[in-house]
Structure formats: structure tokens, C-alpha cells
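This report concerns only the one structure given below.
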Amino acid sequence: MQIDFSGKAYLVTGGASGIGEATVRYLAEHGGQAVIADINEEAGQALVAQYPDQLRFHATDVTELDQLVAACELGATTFGGLDGAVNSAGLGSLGTTTDMPLEEWHKVINIDLHGVFYACRAVIPHLRQRGGGSIVNVASLSGVRADHGFAAYNASKAAVINYSRTLALDHGPENIRATAVCPGFIETPLTAIPGSIEAIKSDWLNAIALGRGGKAEEVANLIVFLLSPAASYITGTEIVIDGGMGSSNNQPNIPKIFSSMS
Ligand code: NAI
């Protein structure tokens with residue numbers, strides 16, 4: 001898939017790694033420009049060094065609105081404006097309602113939900129100046145259905161999905177589109193540790209219709225499509241990208257069980 005992003009510039013939170021990084025690479029390799037807003041300065045600067053004309057890094061903690069405002073200012077002054085945002089910064093955290101430390105709940109909600117809100121609040125004035133734009137929020141399949149033991153993550157990702165709908169309603173008249181993408185198991189640094197535990201990985205692979213984890217580049221392909229004019233009538237919705245993981249109702253695999261009995 002080839003989309004020309006010449007003359008277009010974007011804010012990408014979490015752009016130093018994984019899905020955000022793959023998105024930044026696609027944009028840079030297809031004529032686009034981006035500000036990477038991330039706490040990982042070393043990885044972000046290394047990416048900028050590979051595409052010095054196309055990328056800038058702004059050390060940004062997405063829980064700080066003023067840092068996101070500054071990241072957008074950097075994009076606007078360097079590239080002449082911003083045409084959209086990809087909000088990919090995020091993390092997961094194990095914990096149930098009763099066992100999770102309160103600080104952990106607040107940390108996850110701060111990064112995974114407030115961080116998306118702050119980024120949108122910072123970027124929308126720039127999109128207005130361009131006459132519109134596209135915001136893609138990276139939610140999760142975990143915002144559509146629940147996991148065992150990920151209370152804060154599940155709550156924040158579900159909130160991001162519905163927040164993306166309200167963004168679309170509120171800012172559609174300004175020609176600003178907003179969507180949420182909901183990945184399943186994608187092989188990135190975020191999933192490297194659980195993915196290295198055999199019991200977790202085999203449960204994951206059994207649950208995925210395509211029988212493999214997704215690549216960050218496959219999610220980036222969806223994100224750049226949603227950024228582009230090819231998606232000009234798509235807004236206010238979530239799109240699941242999970243290799244079929246969410247398609248099951250978790251009933252037993254009866255044909256498989258029967259055939260193992262015969
Ligand atoms: P990753 O760990 O490779 O990348 C996340 C990036 O966010 C890192 O560069 C990290 O430095 C940055 N980040 C973390 N906290 C930050 C903060 N406070 N301020 C600024 N930057 C911060 O993870 P991955 O897999 O690329 O995840 C990206 C998004 O996709 C996350 O929102 C995650 O929840 C979501 N997701 C990932 C899935 C997967 O299987 N990898 C599945 C579903 C959703």
C-alpha cells in the first residue's frame with residue numbers, strides 16, 4: 001500500500017517505539033513529516049537521525065498538557081502546520097479492582113486516557129488552522145472486550161473508544177475526523193515479556209484466527225489509511241485489527257474436541 005503524504009505533518013505520541021514508530025517510519029518514507037512526542041528520548045532521536053528532513057523529536061510526557069502543546073508548536077513552526085495526530089503512547093498494567101495499588105490505577109488512566117485527551121486538546125487548534133485533519137487514537141481490543149486482571153487498562157481503552165466518537169461529533173463540522181484503532185496481540189516491545197512466556201503465547205496464538213501475532217507495520221498500515229484522504233468519510237468509529245482474535249465467543253472448539261476423541 002502506497003499513500004503519498006507529501007506536504008502533510010503529524011503529531012505522533014509514543015512514536016519512538018512499536019506501533020507509533022512504524023507509523024512514523026511510514027510517514028517519513030512516504031513524503032510526510034512528524035513530531036515524535038515520547039518520553040524515550042534516545043529511541044526518538046535515533047529515529048530522527050534516520051530521517052532528519054522529515055522528523056523532529058520533542059521530549060514529551062503525555063500526562064503533561066503543556067508538553068503536548070509545545071510538541072505541537074514545534075510541528076507547526078518546523079513544518080508549517082499539522083494535519084493530524086496519532087495517539088499511540090500507552091502502557092498496560094496488571095491489577096484487579098481490589099488488589100491494584102491506587103497509584104497504579106491513576107498512572108494507567110493518566111497515560112492511556114488523559115494522555116489521549118491532552119494530545120487532542122493540544123492538536124485541534126492546529127487542525128482548525130489547516131481547515132481540518134484526522135486524529136487516530138490507538139485504543140485496543142481490550143477496550144472492546146475485557147481481559148482478566150487489567151482493570152485500569154480495560155477501562156482506559158474503552159474510554160478512548162467512546163471519547164473518539166465524541167471527538168468526531170464535536171469536531172466533524174470543522175472537517176476533523178476522529179477514529180480509534182483496536183489492535184489485538186501485536187509483537188512490539190510492549191508485548192515482548194508476556195509473549196516470551198510459552199503459556200501466554202500459546203493461548204494468544206490459539207485465540208487468533210490467523211494463528212500469529214500482528215506486526216506493528218500492519219497496524220501502521222491501518223493508521224495511515226485513516227489519516228489519509230482515502231478515509232475521508234470514516235469518522236466516529238473504532239476499527240478492530242486483531243487477526244480475528246475478537247471474533248470468537250470463547251465457546252469450546254467442539255469439532256477439534258470431537259476429532260481428538262475419534
Ligand atoms: P511500545 O511500548 O512499543 O510503545 C509505546 C511508546 O509509548 C513507547 O515509545 C513509550 O516510551 C511511549 N510512552 C509510554 N508512556 C509515555 C508517556 N507517559 N508519555 C509519552 N510517551 C510514553 O508499545 P506499542 O505496542 O507500540 O503500543 C502502542 C499503543 O498500542 C499503546 O497505547 C498500547 O496500549 C496499544 N496497544 C498495543 C497492543 C500490542 O499488542 N502491542 C495491543 C493493543 C493496543
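Residues in the C-alpha cells are numbered from 1 in each chain, the chains being A, B, ... in the order shown, and ligands are numbered from 1 in the order shown.
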Around ligand 1, which protein and nucleic acid residues have at least one atom no more than 7 Å from it, if we count only C-alpha atoms and all ligand atoms? List them as a PDB file with C-alpha atoms, in the first residue's frame.
ATOM      1  CA  THR A  13       2.699  10.318  20.582  1.00  0.00           C
ATOM      2  CA  GLY A  14       4.542   7.141  21.510  1.00  0.00           C
ATOM      3  CA  GLY A  15       6.295   7.480  18.155  1.00  0.00           C
ATOM      4  CA  ALA A  16       9.633   6.193  19.452  1.00  0.00           C
ATOM      5  CA  SER A  17       8.607   2.523  19.623  1.00  0.00           C
ATOM      6  CA  GLY A  18       6.273  -0.164  18.349  1.00  0.00           C
ATOM      7  CA  ILE A  19       3.092   0.890  16.568  1.00  0.00           C
ATOM      8  CA  GLY A  20       3.907   4.614  16.823  1.00  0.00           C
ATOM      9  CA  ALA A  37       6.267  13.075  21.235  1.00  0.00           C
ATOM     10  CA  ASP A  38       7.639  10.464  23.589  1.00  0.00           C
ATOM     11  CA  ILE A  39       9.440  10.032  26.907  1.00  0.00           C
ATOM     12  CA  ASN A  40      12.073   7.807  25.250  1.00  0.00           C
ATOM     13  CA  THR A  60       7.022  14.727  25.998  1.00  0.00           C
ATOM     14  CA  ASP A  61       5.216  13.051  28.825  1.00  0.00           C
ATOM     15  CA  VAL A  62       1.626  12.757  27.581  1.00  0.00           C
ATOM     16  CA  THR A  63       0.318  13.313  31.104  1.00  0.00           C
ATOM     17  CA  SER A  88      -0.111   5.731  20.416  1.00  0.00           C
ATOM     18  CA  ALA A  89       1.655   6.411  23.742  1.00  0.00           C
ATOM     19  CA  GLY A  90       0.433   3.911  26.278  1.00  0.00           C
ATOM     20  CA  LEU A  91       1.156   1.009  28.552  1.00  0.00           C
ATOM     21  CA  GLY A  92      -0.560  -1.891  30.230  1.00  0.00           C
ATOM     22  CA  ILE A 111      -1.234   7.928  30.414  1.00  0.00           C
ATOM     23  CA  ASP A 112      -3.735   5.853  28.435  1.00  0.00           C
ATOM     24  CA  VAL A 138      -4.700   3.803  19.448  1.00  0.00           C
ATOM     25  CA  ALA A 139      -7.136   2.034  21.773  1.00  0.00           C
ATOM     26  CA  SER A 140      -7.192  -1.775  21.977  1.00  0.00           C
ATOM     27  CA  LEU A 141      -9.277  -4.909  21.591  1.00  0.00           C
ATOM     28  CA  SER A 142      -9.072  -4.644  25.389  1.00  0.00           C
ATOM     29  CA  CYS A 182      -8.179  -1.528  18.376  1.00  0.00           C
ATOM     30  CA  PRO A 183      -5.228  -3.891  17.966  1.00  0.00           C
ATOM     31  CA  GLY A 184      -5.179  -7.411  19.363  1.00  0.00           C
ATOM     32  CA  PHE A 185      -1.818  -9.107  20.052  1.00  0.00           C
ATOM     33  CA  ILE A 186       0.862  -7.129  18.203  1.00  0.00           C
ATOM     34  CA  GLU A 187       4.530  -8.081  18.544  1.00  0.00           C
ATOM     35  CA  THR A 188       6.148  -4.929  19.930  1.00  0.00           C
ATOM     36  CA  PRO A 189       8.327  -4.148  22.964  1.00  0.00           C
ATOM     37  CA  LEU A 190       5.062  -3.809  24.946  1.00  0.00           C
ATOM     38  CA  THR A 191       4.218  -7.488  24.468  1.00  0.00           C
ATOM     39  CA  ALA A 216       3.463  -3.049  14.135  1.00  0.00           C
TER      40      ALA A 216
END
DSSP on the backbone, alpha helix (DSSP H) only: what residues of range 28-167 of chain A does that give? Format it as an MDAnalysis selection string.
chainID A and resid 28:29 41:50 65:79 102:109 115:129 151:167
Find the residues near range 226-240 of chain A: any atom within 8 Å, counting only C-alpha atoms, skip ones fewer than 3 places away on the same chain, and give them as a PyMOL selection string.
chain A and resi 3+5+84+133-136+140-141+161+164-169+177-184+222-223
Export N, CA and C atoms of the chosen residues as a PDB file, in the first residue's frame?
ATOM      1  N   ILE A   3       0.739   5.381   0.110  1.00  0.00           N
ATOM      2  CA  ILE A   3      -0.018   6.637   0.235  1.00  0.00           C
ATOM      3  C   ILE A   3       0.998   7.768   0.285  1.00  0.00           C
ATOM      4  N   PHE A   5       2.242  11.174   1.408  1.00  0.00           N
ATOM      5  CA  PHE A   5       1.985  12.140   2.476  1.00  0.00           C
ATOM      6  C   PHE A   5       2.762  13.447   2.285  1.00  0.00           C
ATOM      7  N   GLY A  84      -2.826  16.305  11.516  1.00  0.00           N
ATOM      8  CA  GLY A  84      -3.460  15.229  12.269  1.00  0.00           C
ATOM      9  C   GLY A  84      -2.590  14.757  13.410  1.00  0.00           C
ATOM     10  N   GLY A 133      -8.570  17.877   9.593  1.00  0.00           N
ATOM     11  CA  GLY A 133      -7.493  16.916   9.855  1.00  0.00           C
ATOM     12  C   GLY A 133      -8.063  15.586  10.321  1.00  0.00           C
ATOM     13  N   SER A 134      -7.150  14.698  10.672  1.00  0.00           N
ATOM     14  CA  SER A 134      -7.554  13.357  11.108  1.00  0.00           C
ATOM     15  C   SER A 134      -6.799  12.971  12.382  1.00  0.00           C
ATOM     16  N   ILE A 135      -7.547  12.500  13.370  1.00  0.00           N
ATOM     17  CA  ILE A 135      -6.944  12.035  14.633  1.00  0.00           C
ATOM     18  C   ILE A 135      -7.200  10.535  14.744  1.00  0.00           C
ATOM     19  N   VAL A 136      -6.138   9.787  14.962  1.00  0.00           N
ATOM     20  CA  VAL A 136      -6.274   8.339  15.159  1.00  0.00           C
ATOM     21  C   VAL A 136      -5.783   8.003  16.561  1.00  0.00           C
ATOM     22  N   SER A 140      -7.589  -0.365  21.876  1.00  0.00           N
ATOM     23  CA  SER A 140      -7.192  -1.775  21.977  1.00  0.00           C
ATOM     24  C   SER A 140      -8.430  -2.653  21.857  1.00  0.00           C
ATOM     25  N   LEU A 141      -8.211  -3.903  21.466  1.00  0.00           N
ATOM     26  CA  LEU A 141      -9.277  -4.909  21.591  1.00  0.00           C
ATOM     27  C   LEU A 141      -9.706  -4.985  23.058  1.00  0.00           C
ATOM     28  N   ILE A 161     -12.183   4.709  23.164  1.00  0.00           N
ATOM     29  CA  ILE A 161     -13.058   4.425  22.023  1.00  0.00           C
ATOM     30  C   ILE A 161     -14.256   5.379  22.021  1.00  0.00           C
ATOM     31  N   SER A 164     -13.312   8.923  21.296  1.00  0.00           N
ATOM     32  CA  SER A 164     -13.060   9.163  19.868  1.00  0.00           C
ATOM     33  C   SER A 164     -14.372   9.463  19.140  1.00  0.00           C
ATOM     34  N   ARG A 165     -15.456   8.826  19.588  1.00  0.00           N
ATOM     35  CA  ARG A 165     -16.765   9.117  18.971  1.00  0.00           C
ATOM     36  C   ARG A 165     -17.195  10.546  19.275  1.00  0.00           C
ATOM     37  N   THR A 166     -17.015  10.958  20.529  1.00  0.00           N
ATOM     38  CA  THR A 166     -17.455  12.316  20.869  1.00  0.00           C
ATOM     39  C   THR A 166     -16.574  13.362  20.183  1.00  0.00           C
ATOM     40  N   LEU A 167     -15.302  13.041  20.024  1.00  0.00           N
ATOM     41  CA  LEU A 167     -14.422  13.936  19.258  1.00  0.00           C
ATOM     42  C   LEU A 167     -14.975  14.122  17.846  1.00  0.00           C
ATOM     43  N   ALA A 168     -15.380  12.997  17.249  1.00  0.00           N
ATOM     44  CA  ALA A 168     -15.891  13.046  15.872  1.00  0.00           C
ATOM     45  C   ALA A 168     -17.149  13.910  15.793  1.00  0.00           C
ATOM     46  N   LEU A 169     -18.039  13.764  16.775  1.00  0.00           N
ATOM     47  CA  LEU A 169     -19.284  14.549  16.764  1.00  0.00           C
ATOM     48  C   LEU A 169     -18.987  16.030  16.956  1.00  0.00           C
ATOM     49  N   ARG A 177     -11.743  14.583  11.451  1.00  0.00           N
ATOM     50  CA  ARG A 177     -12.207  13.207  11.664  1.00  0.00           C
ATOM     51  C   ARG A 177     -11.473  12.601  12.861  1.00  0.00           C
ATOM     52  N   ALA A 178     -12.148  11.686  13.561  1.00  0.00           N
ATOM     53  CA  ALA A 178     -11.513  11.013  14.711  1.00  0.00           C
ATOM     54  C   ALA A 178     -11.924   9.545  14.720  1.00  0.00           C
ATOM     55  N   THR A 179     -10.932   8.674  14.859  1.00  0.00           N
ATOM     56  CA  THR A 179     -11.197   7.240  14.877  1.00  0.00           C
ATOM     57  C   THR A 179     -10.342   6.582  15.965  1.00  0.00           C
ATOM     58  N   ALA A 180     -10.768   5.392  16.342  1.00  0.00           N
ATOM     59  CA  ALA A 180      -9.969   4.597  17.283  1.00  0.00           C
ATOM     60  C   ALA A 180      -9.600   3.296  16.591  1.00  0.00           C
ATOM     61  N   VAL A 181      -8.343   2.894  16.707  1.00  0.00           N
ATOM     62  CA  VAL A 181      -7.959   1.570  16.216  1.00  0.00           C
ATOM     63  C   VAL A 181      -7.753   0.659  17.429  1.00  0.00           C
ATOM     64  N   CYS A 182      -8.155  -0.586  17.253  1.00  0.00           N
ATOM     65  CA  CYS A 182      -8.179  -1.528  18.376  1.00  0.00           C
ATOM     66  C   CYS A 182      -7.366  -2.771  18.031  1.00  0.00           C
ATOM     67  N   PRO A 183      -6.054  -2.722  18.284  1.00  0.00           N
ATOM     68  CA  PRO A 183      -5.228  -3.891  17.966  1.00  0.00           C
ATOM     69  C   PRO A 183      -5.448  -5.016  18.970  1.00  0.00           C
ATOM     70  N   GLY A 184      -5.217  -6.238  18.483  1.00  0.00           N
ATOM     71  CA  GLY A 184      -5.179  -7.411  19.363  1.00  0.00           C
ATOM     72  C   GLY A 184      -3.745  -7.623  19.844  1.00  0.00           C
ATOM     73  N   LEU A 222      -3.066   0.480   8.747  1.00  0.00           N
ATOM     74  CA  LEU A 222      -4.439   0.926   9.030  1.00  0.00           C
ATOM     75  C   LEU A 222      -4.441   2.395   9.467  1.00  0.00           C
ATOM     76  N   ILE A 223      -3.488   2.745  10.313  1.00  0.00           N
ATOM     77  CA  ILE A 223      -3.451   4.114  10.830  1.00  0.00           C
ATOM     78  C   ILE A 223      -3.234   5.121   9.687  1.00  0.00           C
TER      79      ILE A 223
END
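Separating CA of Asn110 in chain A from CA of Val12 in chain A is a distance of 17.6 Å.
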Would you pick out the contacts of Ala151 in chain A at 9 Å or less, using only C-alpha atoms, so that residues sharing its chain but fewer than 5 positions from it are not included, and give the list as a list of chain:residue names?
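Returned residues: A:Ser93, A:Leu94, A:Gly95, A:Thr96, A:Thr97, A:Met100, A:Trp105, A:Ala146, A:Ser156.
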Would you mind exporting C-alpha atoms of the selected residues as a short mmCIF file (atom, residue, chain, number, x, y, z; two decimals), in the first residue's frame?
data_model
loop_
_atom_site.label_atom_id
_atom_site.label_comp_id
_atom_site.auth_asym_id
_atom_site.auth_seq_id
_atom_site.Cartn_x
_atom_site.Cartn_y
_atom_site.Cartn_z
CA SER A 93 -0.58 -2.89 33.87
CA LEU A 94 -1.79 -5.97 35.72
CA GLY A 95 -4.23 -5.41 38.57
CA THR A 96 -7.78 -6.15 39.67
CA THR A 97 -10.15 -3.73 41.39
CA MET A 100 -4.18 -2.89 42.40
CA TRP A 105 -4.80 2.86 38.60
CA ALA A 146 -12.32 -7.39 28.81
CA SER A 156 -8.98 3.45 29.81
#
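When only C-alpha atoms are used to measure the gap to Ala209 in chain A, the shortest distance among A:Ser248, A:Asn221, A:Ser6, A:Gln129 belongs to A:Ser248.
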